[in-house]
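Enquirer: Mind looking over this structure? Questions follow.
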Amino acid sequence: MTASWRFSALADRHRALGSKLEDWSGMGTAWSYDGDADAEYVAIRTKAGLMDVSGLKKVHVTGPHASHLIDLATTRDVDKIYPGKSAYACMLNEAGKFTDDCLLYRTGPNAWMVVHGSGTGHEELTKAAMGRDVSIRFDDDLHDLSLQGPLAVDYLADHVPGIRDLPYFHHMQTRLFGLPVMISRTGYTGERGYEIFCRGQDAPAIWDRILEEGAGLGIIPCRFTTLDMLRVESYLLFYPYDNSQKYPFAEEGPGDTLWELGLDFTVSPGKTGFRGAEEHYRLKGRERFKIFGVLLEGEAPSDEGAPIFRDGRQVGIATCGMYSVLARRSMAIARLDVDCAVPGTPLEVRNATGPIRATAHSLPFDDPKKLKRTAKG
């Protein structure tokens, strides 16, 4: 906790559940709870779970040049994002390499909120703001409670009029339990879910009431690292754990292209003029690796950073692995050589306890058509 300078209003709730509040992005975060992580994973996949993801950084961008700044710093076409809509976007450096990902929330004609993790998103926005009529304000009072799972909408429908009609990647300003909130239909689980943005002073009351009233639906509190199990199945990357900042290439500085990460879809068709755009387009077809899936035999998950071999030659690294008690299979996200990122390629994951036979598999493993997270009604 010596590195922590940000504090969740829910810290005492997390300690009561067994967390030691390990640091993430400067905030003491509930990486672990007492009890079974598999039960939390099952709850989110089959019912619903509540997580405190307030460690995400919230940055308000306002003023006459706010949209111009967002257009310069991110890969999305801002003209297609209207108030009440959000979008997943990436930020690049001048070399066309990924530096952060974020969610863009347009809250008004000249008002945006950018939510990002532990990358350099705030710095990128500040750099783009130089000489422009725009205000950038980091908001650490705003907390983010993530209610995820197929029954999340059933619970919220009793309290929030119109929540069933809120489309995927849209948000609404409303009240929950009489308290002012912004509810966004987004999340990091691959399930239908909602993020509840609230004042720090209101977070404990909202947390307690959801868990108390939602118990009958099977809603339970979930640790931050339950997201690792969900993200592996759903192809959701986590900076820097899947990136070259953690797994650098020999004699090369850190930095991956969107083509390598499979995030090129975040560039709006035909968009130019964003930071790193020319290099981004130039680097297409020059991938050094591909983010890809790996299915392992048996129940053992891959070690974090386990080397992956093919015919006695190392061809990649498993960045995050999990065993699904629902799908009954072990799977991992991996950085694979391009020629091995082909479904069905035989591989070997070399855990510390010994080698495991594996097969390359396309991502995502779960719900490839994204029918769950986009469901209506």
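Ligands are numbered from 1 in the order shown, residues from 1 within each chain, and chains are lettered A, B, ... in the order they appear in the structure tokens.
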For Gly55 of chain A, please output as a list in words all residues within 10 Å (counting only C-alpha atoms; exclusion window: fewer than 3 positions along the same chain).
Expert: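 Within the cut-off, the hits are Arg6, Phe7, Ser8, Asp23, Trp24, Ser25, Gly26, Met27, Gly28, Thr29, Ala30, Asp52, Lys58, His116, Gly117, Ser118, Asp140, His143, Asp144 and Phe224 of chain A.
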Enquirer: Using C-alpha atoms, can you write the selected residues to a file as a PDB file, in the first residue's frame?
Expert:
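Contents of selection-v7.pdb, freshly written:
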```
ATOM      1  CA  ARG A   6      -6.014   7.093  -4.013  1.00  0.00           C
ATOM      2  CA  PHE A   7      -8.584   5.598  -1.637  1.00  0.00           C
ATOM      3  CA  SER A   8     -11.911   3.892  -2.179  1.00  0.00           C
ATOM      4  CA  ASP A  23      -2.322  -1.480  -4.906  1.00  0.00           C
ATOM      5  CA  TRP A  24      -3.605  -1.056  -8.451  1.00  0.00           C
ATOM      6  CA  SER A  25      -3.181   2.194 -10.359  1.00  0.00           C
ATOM      7  CA  GLY A  26      -2.491   4.038  -7.109  1.00  0.00           C
ATOM      8  CA  MET A  27      -5.582   2.772  -5.272  1.00  0.00           C
ATOM      9  CA  GLY A  28      -5.902   0.074  -2.634  1.00  0.00           C
ATOM     10  CA  THR A  29      -7.979  -2.493  -4.531  1.00  0.00           C
ATOM     11  CA  ALA A  30      -9.701  -5.721  -3.488  1.00  0.00           C
ATOM     12  CA  ASP A  52     -15.678  -1.935  -6.909  1.00  0.00           C
ATOM     13  CA  LYS A  58     -11.990   9.255 -14.400  1.00  0.00           C
ATOM     14  CA  HIS A 116      -8.867   4.588 -18.301  1.00  0.00           C
ATOM     15  CA  GLY A 117      -6.719   2.215 -16.259  1.00  0.00           C
ATOM     16  CA  SER A 118      -3.038   2.241 -15.396  1.00  0.00           C
ATOM     17  CA  ASP A 140     -11.167  10.768  -7.758  1.00  0.00           C
ATOM     18  CA  HIS A 143     -16.637   5.950  -7.689  1.00  0.00           C
ATOM     19  CA  ASP A 144     -17.453   3.160 -10.125  1.00  0.00           C
ATOM     20  CA  PHE A 224     -11.144  -7.436  -8.655  1.00  0.00           C
TER      21      PHE A 224
END
```
Enquirer: If DSSP is run on the backbone, what residues of segment 255-371 of chain A are strand (DSSP E)? A reply as a tab-separated table (two decimals) with all heavy atoms, in the first residue's frame would be ideal.
Expert:
```
chain	number	residue	atom	x	y	z
A	290	LYS	N	0.79	-12.01	-32.56
A	290	LYS	CA	-0.65	-11.79	-32.50
A	290	LYS	C	-1.16	-12.20	-31.12
A	290	LYS	O	-0.71	-13.22	-30.56
A	290	LYS	CB	-1.37	-12.63	-33.56
A	290	LYS	CG	-1.23	-12.12	-34.99
A	290	LYS	CD	-2.22	-11.01	-35.27
A	290	LYS	CE	-2.30	-10.72	-36.77
A	290	LYS	NZ	-3.32	-9.69	-37.08
A	291	ILE	N	-2.07	-11.41	-30.57
A	291	ILE	CA	-2.80	-11.87	-29.40
A	291	ILE	C	-3.76	-12.95	-29.86
A	291	ILE	O	-4.52	-12.76	-30.82
A	291	ILE	CB	-3.58	-10.71	-28.73
A	291	ILE	CG1	-2.61	-9.74	-28.07
A	291	ILE	CG2	-4.59	-11.26	-27.72
A	291	ILE	CD1	-2.01	-10.23	-26.76
A	292	PHE	N	-3.73	-14.11	-29.19
A	292	PHE	CA	-4.54	-15.24	-29.64
A	292	PHE	C	-4.89	-16.08	-28.42
A	292	PHE	O	-4.35	-15.89	-27.32
A	292	PHE	CB	-3.76	-16.07	-30.67
A	292	PHE	CG	-4.63	-16.69	-31.73
A	292	PHE	CD1	-5.25	-15.90	-32.67
A	292	PHE	CD2	-4.82	-18.07	-31.78
A	292	PHE	CE1	-6.04	-16.47	-33.66
A	292	PHE	CE2	-5.61	-18.65	-32.76
A	292	PHE	CZ	-6.23	-17.85	-33.71
A	293	GLY	N	-5.82	-17.00	-28.61
A	293	GLY	CA	-6.24	-17.88	-27.52
A	293	GLY	C	-5.50	-19.20	-27.55
A	293	GLY	O	-5.00	-19.64	-28.60
A	294	VAL	N	-5.42	-19.83	-26.37
A	294	VAL	CA	-4.80	-21.15	-26.25
A	294	VAL	C	-5.70	-22.01	-25.36
A	294	VAL	O	-6.07	-21.59	-24.26
A	294	VAL	CB	-3.39	-21.07	-25.64
A	294	VAL	CG1	-2.83	-22.46	-25.40
A	294	VAL	CG2	-2.46	-20.29	-26.56
A	295	LEU	N	-6.05	-23.19	-25.84
A	295	LEU	CA	-6.79	-24.17	-25.04
A	295	LEU	C	-5.82	-25.21	-24.53
A	295	LEU	O	-5.04	-25.79	-25.30
A	295	LEU	CB	-7.86	-24.87	-25.89
A	295	LEU	CG	-9.23	-24.20	-26.02
A	295	LEU	CD1	-10.13	-25.06	-26.90
A	295	LEU	CD2	-9.87	-23.99	-24.67
A	296	LEU	N	-5.84	-25.46	-23.21
A	296	LEU	CA	-4.93	-26.41	-22.58
A	296	LEU	C	-5.66	-27.70	-22.24
A	296	LEU	O	-6.85	-27.67	-21.87
A	296	LEU	CB	-4.31	-25.82	-21.30
A	296	LEU	CG	-3.28	-24.71	-21.44
A	296	LEU	CD1	-3.94	-23.38	-21.83
A	296	LEU	CD2	-2.51	-24.54	-20.14
A	306	ALA	N	3.95	-18.07	-18.74
A	306	ALA	CA	4.48	-19.39	-19.13
A	306	ALA	C	4.89	-19.38	-20.60
A	306	ALA	O	4.13	-18.94	-21.46
A	306	ALA	CB	3.44	-20.47	-18.89
A	307	PRO	N	6.10	-19.85	-20.91
A	307	PRO	CA	6.50	-19.90	-22.31
A	307	PRO	C	5.70	-20.95	-23.07
A	307	PRO	O	5.32	-21.99	-22.52
A	307	PRO	CB	7.98	-20.27	-22.25
A	307	PRO	CG	8.15	-20.95	-20.93
A	307	PRO	CD	7.16	-20.33	-20.00
A	308	ILE	N	5.45	-20.67	-24.35
A	308	ILE	CA	4.70	-21.58	-25.22
A	308	ILE	C	5.63	-22.04	-26.33
A	308	ILE	O	6.32	-21.22	-26.96
A	308	ILE	CB	3.46	-20.88	-25.80
A	308	ILE	CG1	2.53	-20.43	-24.67
A	308	ILE	CG2	2.72	-21.80	-26.76
A	308	ILE	CD1	1.34	-19.60	-25.14
A	309	PHE	N	5.63	-23.34	-26.56
A	309	PHE	CA	6.54	-23.94	-27.55
A	309	PHE	C	5.76	-24.66	-28.65
A	309	PHE	O	4.63	-25.11	-28.44
A	309	PHE	CB	7.48	-24.93	-26.87
A	309	PHE	CG	8.61	-24.28	-26.10
A	309	PHE	CD1	8.37	-23.66	-24.89
A	309	PHE	CD2	9.91	-24.29	-26.60
A	309	PHE	CE1	9.40	-23.07	-24.18
A	309	PHE	CE2	10.94	-23.69	-25.91
A	309	PHE	CZ	10.69	-23.08	-24.69
A	310	ARG	N	6.42	-24.76	-29.79
A	310	ARG	CA	5.94	-25.59	-30.90
A	310	ARG	C	7.14	-26.27	-31.52
A	310	ARG	O	8.11	-25.59	-31.93
A	310	ARG	CB	5.21	-24.75	-31.94
A	310	ARG	CG	4.68	-25.58	-33.11
A	310	ARG	CD	4.10	-24.69	-34.20
A	310	ARG	NE	3.54	-25.48	-35.28
A	310	ARG	CZ	3.16	-24.99	-36.44
A	310	ARG	NH1	3.27	-23.68	-36.67
A	310	ARG	NH2	2.65	-25.78	-37.38
A	313	ARG	N	10.55	-25.16	-30.20
A	313	ARG	CA	10.94	-23.75	-30.34
A	313	ARG	C	9.92	-22.86	-29.65
A	313	ARG	O	8.71	-23.06	-29.81
A	313	ARG	CB	11.02	-23.37	-31.82
A	313	ARG	CG	11.35	-21.91	-32.10
A	313	ARG	CD	11.48	-21.66	-33.60
A	313	ARG	NE	10.22	-21.87	-34.30
A	313	ARG	CZ	9.31	-20.91	-34.51
A	313	ARG	NH1	9.53	-19.67	-34.07
A	313	ARG	NH2	8.20	-21.18	-35.16
A	314	GLN	N	10.39	-21.89	-28.86
A	314	GLN	CA	9.45	-21.01	-28.19
A	314	GLN	C	8.78	-20.09	-29.21
A	314	GLN	O	9.44	-19.43	-30.01
A	314	GLN	CB	10.11	-20.15	-27.11
A	314	GLN	CG	9.09	-19.30	-26.35
A	314	GLN	CD	9.66	-18.58	-25.14
A	314	GLN	OE1	10.79	-18.84	-24.73
A	314	GLN	NE2	8.87	-17.70	-24.56
A	315	VAL	N	7.44	-20.05	-29.15
A	315	VAL	CA	6.68	-19.28	-30.13
A	315	VAL	C	5.72	-18.29	-29.45
A	315	VAL	O	4.93	-17.64	-30.14
A	315	VAL	CB	5.87	-20.21	-31.06
A	315	VAL	CG1	6.81	-21.05	-31.91
A	315	VAL	CG2	4.91	-21.09	-30.26
A	316	GLY	N	5.80	-18.18	-28.12
A	316	GLY	CA	4.91	-17.24	-27.48
A	316	GLY	C	4.95	-17.30	-25.97
A	316	GLY	O	5.77	-18.02	-25.37
A	317	ILE	N	4.05	-16.55	-25.36
A	317	ILE	CA	3.94	-16.44	-23.91
A	317	ILE	C	2.47	-16.40	-23.54
A	317	ILE	O	1.68	-15.67	-24.17
A	317	ILE	CB	4.63	-15.16	-23.39
A	317	ILE	CG1	6.14	-15.24	-23.58
A	317	ILE	CG2	4.32	-14.90	-21.92
A	317	ILE	CD1	6.87	-13.94	-23.28
A	318	ALA	N	2.08	-17.18	-22.54
A	318	ALA	CA	0.72	-17.11	-22.00
A	318	ALA	C	0.67	-15.97	-20.98
A	318	ALA	O	1.39	-15.98	-19.98
A	318	ALA	CB	0.34	-18.42	-21.34
A	319	THR	N	-0.14	-14.95	-21.24
A	319	THR	CA	-0.17	-13.79	-20.36
A	319	THR	C	-1.16	-13.94	-19.22
A	319	THR	O	-0.95	-13.40	-18.14
A	319	THR	CB	-0.51	-12.52	-21.16
A	319	THR	OG1	-1.81	-12.65	-21.73
A	319	THR	CG2	0.51	-12.29	-22.26
A	320	CYS	N	-2.26	-14.65	-19.44
A	320	CYS	CA	-3.26	-14.84	-18.39
A	320	CYS	C	-4.06	-16.10	-18.69
A	320	CYS	O	-4.54	-16.28	-19.81
A	320	CYS	CB	-4.19	-13.63	-18.31
A	320	CYS	SG	-5.31	-13.64	-16.87
A	321	GLY	N	-4.17	-16.98	-17.69
A	321	GLY	CA	-4.88	-18.23	-17.88
A	321	GLY	C	-5.93	-18.47	-16.81
A	321	GLY	O	-5.89	-17.88	-15.74
A	322	MET	N	-6.87	-19.37	-17.11
A	322	MET	CA	-7.91	-19.71	-16.14
A	322	MET	C	-8.52	-21.06	-16.50
A	322	MET	O	-8.44	-21.52	-17.64
A	322	MET	CB	-9.01	-18.64	-16.11
A	322	MET	CG	-9.76	-18.44	-17.41
A	322	MET	SD	-11.23	-19.49	-17.65
A	322	MET	CE	-12.34	-18.88	-16.42
A	323	TYR	N	-9.09	-21.70	-15.48
A	323	TYR	CA	-9.89	-22.91	-15.72
A	323	TYR	C	-11.34	-22.57	-15.42
A	323	TYR	O	-11.66	-22.07	-14.34
A	323	TYR	CB	-9.44	-24.07	-14.84
A	323	TYR	CG	-10.34	-25.29	-14.99
A	323	TYR	CD1	-10.24	-26.08	-16.13
A	323	TYR	CD2	-11.31	-25.60	-14.04
A	323	TYR	CE1	-11.08	-27.18	-16.31
A	323	TYR	CE2	-12.15	-26.69	-14.20
A	323	TYR	CZ	-12.04	-27.48	-15.34
A	323	TYR	OH	-12.88	-28.54	-15.52
A	324	SER	N	-12.21	-22.82	-16.39
A	324	SER	CA	-13.63	-22.53	-16.22
A	324	SER	C	-14.36	-23.75	-15.69
A	324	SER	O	-14.39	-24.80	-16.34
A	324	SER	CB	-14.25	-22.11	-17.56
A	324	SER	OG	-15.66	-22.08	-17.45
A	329	ARG	N	-12.97	-26.31	-19.12
A	329	ARG	CA	-11.77	-26.30	-19.94
A	329	ARG	C	-10.83	-25.21	-19.45
A	329	ARG	O	-11.25	-24.23	-18.85
A	329	ARG	CB	-12.10	-26.11	-21.42
A	329	ARG	CG	-12.88	-24.85	-21.75
A	329	ARG	CD	-13.22	-24.80	-23.24
A	329	ARG	NE	-13.89	-23.57	-23.60
A	329	ARG	CZ	-14.24	-23.24	-24.84
A	329	ARG	NH1	-13.97	-24.07	-25.85
A	329	ARG	NH2	-14.85	-22.10	-25.11
A	330	SER	N	-9.56	-25.42	-19.71
A	330	SER	CA	-8.53	-24.47	-19.34
A	330	SER	C	-8.13	-23.67	-20.57
A	330	SER	O	-7.91	-24.23	-21.64
A	330	SER	CB	-7.31	-25.22	-18.78
A	330	SER	OG	-6.27	-24.33	-18.46
A	331	MET	N	-8.05	-22.36	-20.39
A	331	MET	CA	-7.79	-21.50	-21.54
A	331	MET	C	-6.91	-20.33	-21.13
A	331	MET	O	-6.80	-20.01	-19.95
A	331	MET	CB	-9.11	-21.02	-22.14
A	331	MET	CG	-9.97	-20.23	-21.19
A	331	MET	SD	-11.72	-20.15	-21.70
A	331	MET	CE	-12.33	-21.67	-20.97
A	332	ALA	N	-6.32	-19.69	-22.12
A	332	ALA	CA	-5.41	-18.58	-21.83
A	332	ALA	C	-5.39	-17.59	-22.99
A	332	ALA	O	-5.66	-17.96	-24.14
A	332	ALA	CB	-4.00	-19.09	-21.58
A	333	ILE	N	-5.08	-16.34	-22.65
A	333	ILE	CA	-4.70	-15.34	-23.65
A	333	ILE	C	-3.19	-15.44	-23.83
A	333	ILE	O	-2.45	-15.61	-22.86
A	333	ILE	CB	-5.09	-13.93	-23.19
A	333	ILE	CG1	-6.61	-13.78	-23.18
A	333	ILE	CG2	-4.46	-12.87	-24.08
A	333	ILE	CD1	-7.09	-12.46	-22.62
A	334	ALA	N	-2.73	-15.35	-25.07
A	334	ALA	CA	-1.31	-15.53	-25.34
A	334	ALA	C	-0.82	-14.55	-26.39
A	334	ALA	O	-1.60	-14.05	-27.21
A	334	ALA	CB	-1.04	-16.96	-25.82
A	335	ARG	N	0.47	-14.26	-26.34
A	335	ARG	CA	1.18	-13.55	-27.39
A	335	ARG	C	1.90	-14.60	-28.23
A	335	ARG	O	2.87	-15.20	-27.78
A	335	ARG	CB	2.18	-12.57	-26.77
A	335	ARG	CG	1.53	-11.46	-25.96
A	335	ARG	CD	2.56	-10.71	-25.10
A	335	ARG	NE	3.58	-10.02	-25.88
A	335	ARG	CZ	3.47	-8.75	-26.31
A	335	ARG	NH1	2.37	-8.07	-26.02
A	335	ARG	NH2	4.44	-8.20	-27.00
A	336	LEU	N	1.40	-14.86	-29.43
A	336	LEU	CA	1.92	-15.94	-30.27
A	336	LEU	C	2.58	-15.40	-31.53
A	336	LEU	O	2.15	-14.38	-32.08
A	336	LEU	CB	0.79	-16.89	-30.69
A	336	LEU	CG	0.18	-17.81	-29.65
A	336	LEU	CD1	-0.92	-18.66	-30.29
A	336	LEU	CD2	1.23	-18.71	-29.02
A	346	PRO	N	-0.98	-27.08	-32.96
A	346	PRO	CA	-0.58	-27.77	-31.73
A	346	PRO	C	0.54	-27.02	-31.01
A	346	PRO	O	1.50	-26.56	-31.65
A	346	PRO	CB	-0.11	-29.14	-32.22
A	346	PRO	CG	0.28	-28.92	-33.65
A	346	PRO	CD	-0.60	-27.84	-34.17
A	347	LEU	N	0.41	-26.89	-29.69
A	347	LEU	CA	1.36	-26.13	-28.90
A	347	LEU	C	1.66	-26.87	-27.60
A	347	LEU	O	1.01	-27.86	-27.28
A	347	LEU	CB	0.79	-24.74	-28.57
A	347	LEU	CG	0.40	-23.84	-29.75
A	347	LEU	CD1	-0.42	-22.66	-29.26
A	347	LEU	CD2	1.64	-23.36	-30.49
A	348	GLU	N	2.63	-26.35	-26.86
A	348	GLU	CA	2.96	-26.88	-25.54
A	348	GLU	C	3.21	-25.70	-24.60
A	348	GLU	O	4.05	-24.85	-24.87
A	348	GLU	CB	4.20	-27.76	-25.62
A	348	GLU	CG	4.58	-28.38	-24.28
A	348	GLU	CD	5.85	-29.21	-24.38
A	348	GLU	OE1	6.95	-28.62	-24.38
A	348	GLU	OE2	5.72	-30.45	-24.50
A	349	VAL	N	2.42	-25.64	-23.53
A	349	VAL	CA	2.59	-24.61	-22.51
A	349	VAL	C	3.47	-25.17	-21.41
A	349	VAL	O	3.15	-26.21	-20.82
A	349	VAL	CB	1.24	-24.15	-21.94
A	349	VAL	CG1	1.45	-23.13	-20.82
A	349	VAL	CG2	0.36	-23.57	-23.04
A	350	ARG	N	4.57	-24.52	-21.12
A	350	ARG	CA	5.53	-25.06	-20.15
A	350	ARG	C	5.36	-24.34	-18.81
A	350	ARG	O	6.00	-23.31	-18.54
A	350	ARG	CB	6.96	-24.95	-20.67
A	350	ARG	CG	7.17	-25.83	-21.91
A	350	ARG	CD	8.63	-25.93	-22.30
A	350	ARG	NE	8.80	-26.78	-23.48
A	350	ARG	CZ	9.96	-27.02	-24.08
A	350	ARG	NH1	11.07	-26.45	-23.61
A	350	ARG	NH2	10.02	-27.82	-25.14
A	351	ASN	N	4.47	-24.87	-17.98
A	351	ASN	CA	4.30	-24.38	-16.62
A	351	ASN	C	5.50	-24.76	-15.77
A	351	ASN	O	6.28	-25.65	-16.12
A	351	ASN	CB	3.04	-24.96	-16.00
A	351	ASN	CG	1.79	-24.17	-16.35
A	351	ASN	OD1	1.85	-23.15	-17.02
A	351	ASN	ND2	0.64	-24.63	-15.88
A	354	GLY	N	5.50	-28.38	-15.09
A	354	GLY	CA	5.68	-29.29	-16.21
A	354	GLY	C	4.92	-28.86	-17.44
A	354	GLY	O	4.08	-27.95	-17.39
A	355	PRO	N	5.19	-29.48	-18.59
A	355	PRO	CA	4.56	-29.08	-19.84
A	355	PRO	C	3.11	-29.57	-19.93
A	355	PRO	O	2.74	-30.61	-19.36
A	355	PRO	CB	5.43	-29.74	-20.90
A	355	PRO	CG	6.00	-30.95	-20.22
A	355	PRO	CD	6.19	-30.54	-18.78
A	356	ILE	N	2.29	-28.80	-20.66
A	356	ILE	CA	0.89	-29.15	-20.90
A	356	ILE	C	0.62	-29.02	-22.39
A	356	ILE	O	0.93	-27.98	-23.00
A	356	ILE	CB	-0.06	-28.22	-20.11
A	356	ILE	CG1	0.24	-28.28	-18.61
A	356	ILE	CG2	-1.52	-28.59	-20.37
A	356	ILE	CD1	-0.55	-27.27	-17.80
A	357	ARG	N	0.04	-30.03	-22.96
A	357	ARG	CA	-0.32	-29.96	-24.37
A	357	ARG	C	-1.46	-28.95	-24.55
A	357	ARG	O	-2.36	-28.85	-23.73
A	357	ARG	CB	-0.72	-31.33	-24.91
A	357	ARG	CG	0.48	-32.27	-25.06
A	357	ARG	CD	0.14	-33.47	-25.90
A	357	ARG	NE	-0.83	-34.34	-25.24
A	357	ARG	CZ	-1.26	-35.51	-25.73
A	357	ARG	NH1	-0.79	-35.93	-26.90
A	357	ARG	NH2	-2.12	-36.24	-25.06
A	358	ALA	N	-1.42	-28.22	-25.68
A	358	ALA	CA	-2.39	-27.16	-25.89
A	358	ALA	C	-2.62	-26.98	-27.39
A	358	ALA	O	-1.91	-27.55	-28.23
A	358	ALA	CB	-1.89	-25.85	-25.27
A	359	THR	N	-3.62	-26.16	-27.70
A	359	THR	CA	-4.00	-25.89	-29.08
A	359	THR	C	-4.35	-24.42	-29.23
A	359	THR	O	-5.04	-23.85	-28.37
A	359	THR	CB	-5.23	-26.74	-29.49
A	359	THR	OG1	-4.98	-28.12	-29.22
A	359	THR	CG2	-5.54	-26.57	-30.96
A	360	ALA	N	-3.91	-23.81	-30.30
A	360	ALA	CA	-4.29	-22.42	-30.58
A	360	ALA	C	-5.78	-22.34	-30.87
A	360	ALA	O	-6.36	-23.21	-31.52
A	360	ALA	CB	-3.48	-21.88	-31.75
A	361	HIS	N	-6.42	-21.28	-30.36
A	361	HIS	CA	-7.86	-21.14	-30.48
A	361	HIS	C	-8.19	-19.66	-30.69
A	361	HIS	O	-7.61	-18.78	-30.07
A	361	HIS	CB	-8.55	-21.65	-29.20
A	361	HIS	CG	-10.03	-21.82	-29.32
A	361	HIS	ND1	-10.90	-20.76	-29.29
A	361	HIS	CD2	-10.80	-22.93	-29.44
A	361	HIS	CE1	-12.15	-21.22	-29.39
A	361	HIS	NE2	-12.11	-22.53	-29.50
```
Enquirer: Could you state the separation of atom CA of Asp202 of chain A and atom CA of His14 of chain A in Å, given to one decimal place?
Expert: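 These atoms are spaced 16.0 Å apart.
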Enquirer: Residues within 10 Å of Val160 of chain A, please, as a PyMOL selection string. Count only C-alpha atoms; anything in the same chain fewer than 6 positions from it doesn't count.
Expert: chain A and resi 153+174-177+183
Enquirer: Could you name the residues that touch Gly108 of chain A at 8 Å or less, counting only C-alpha atoms, but leaving out those on the same chain fewer than 5 positions away, as a PyMOL selection string?
Expert: chain A and resi 82-84
Enquirer: If you keep N, CA, C and O atoms, can you produce a file of those selected residues as an mmCIF file, in the first residue's frame?
Expert:
```
data_model
loop_
_atom_site.group_PDB
_atom_site.id
_atom_site.type_symbol
_atom_site.label_atom_id
_atom_site.label_comp_id
_atom_site.auth_asym_id
_atom_site.auth_seq_id
_atom_site.Cartn_x
_atom_site.Cartn_y
_atom_site.Cartn_z
ATOM 1 N N TYR A 82 -22.639 10.810 -29.571
ATOM 2 C CA TYR A 82 -23.530 11.889 -29.144
ATOM 3 C C TYR A 82 -23.714 11.820 -27.623
ATOM 4 O O TYR A 82 -23.380 10.796 -26.997
ATOM 5 N N PRO A 83 -24.235 12.889 -26.995
ATOM 6 C CA PRO A 83 -24.469 12.835 -25.548
ATOM 7 C C PRO A 83 -25.360 11.649 -25.179
ATOM 8 O O PRO A 83 -26.417 11.439 -25.770
ATOM 9 N N GLY A 84 -24.885 10.868 -24.213
ATOM 10 C CA GLY A 84 -25.574 9.648 -23.831
ATOM 11 C C GLY A 84 -24.970 8.400 -24.444
ATOM 12 O O GLY A 84 -25.351 7.282 -24.082
#
```
Enquirer: Choose the residue, out of A:Gln148, A:Ser19, A:Ser234, A:Ser67, that has the smallest atom-to-atom separation from Phe365 of chain A; count only C-alpha atoms.
Expert: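 Nearest candidate to Phe365 of chain A out of A:Gln148, A:Ser19, A:Ser234, A:Ser67: A:Ser234.
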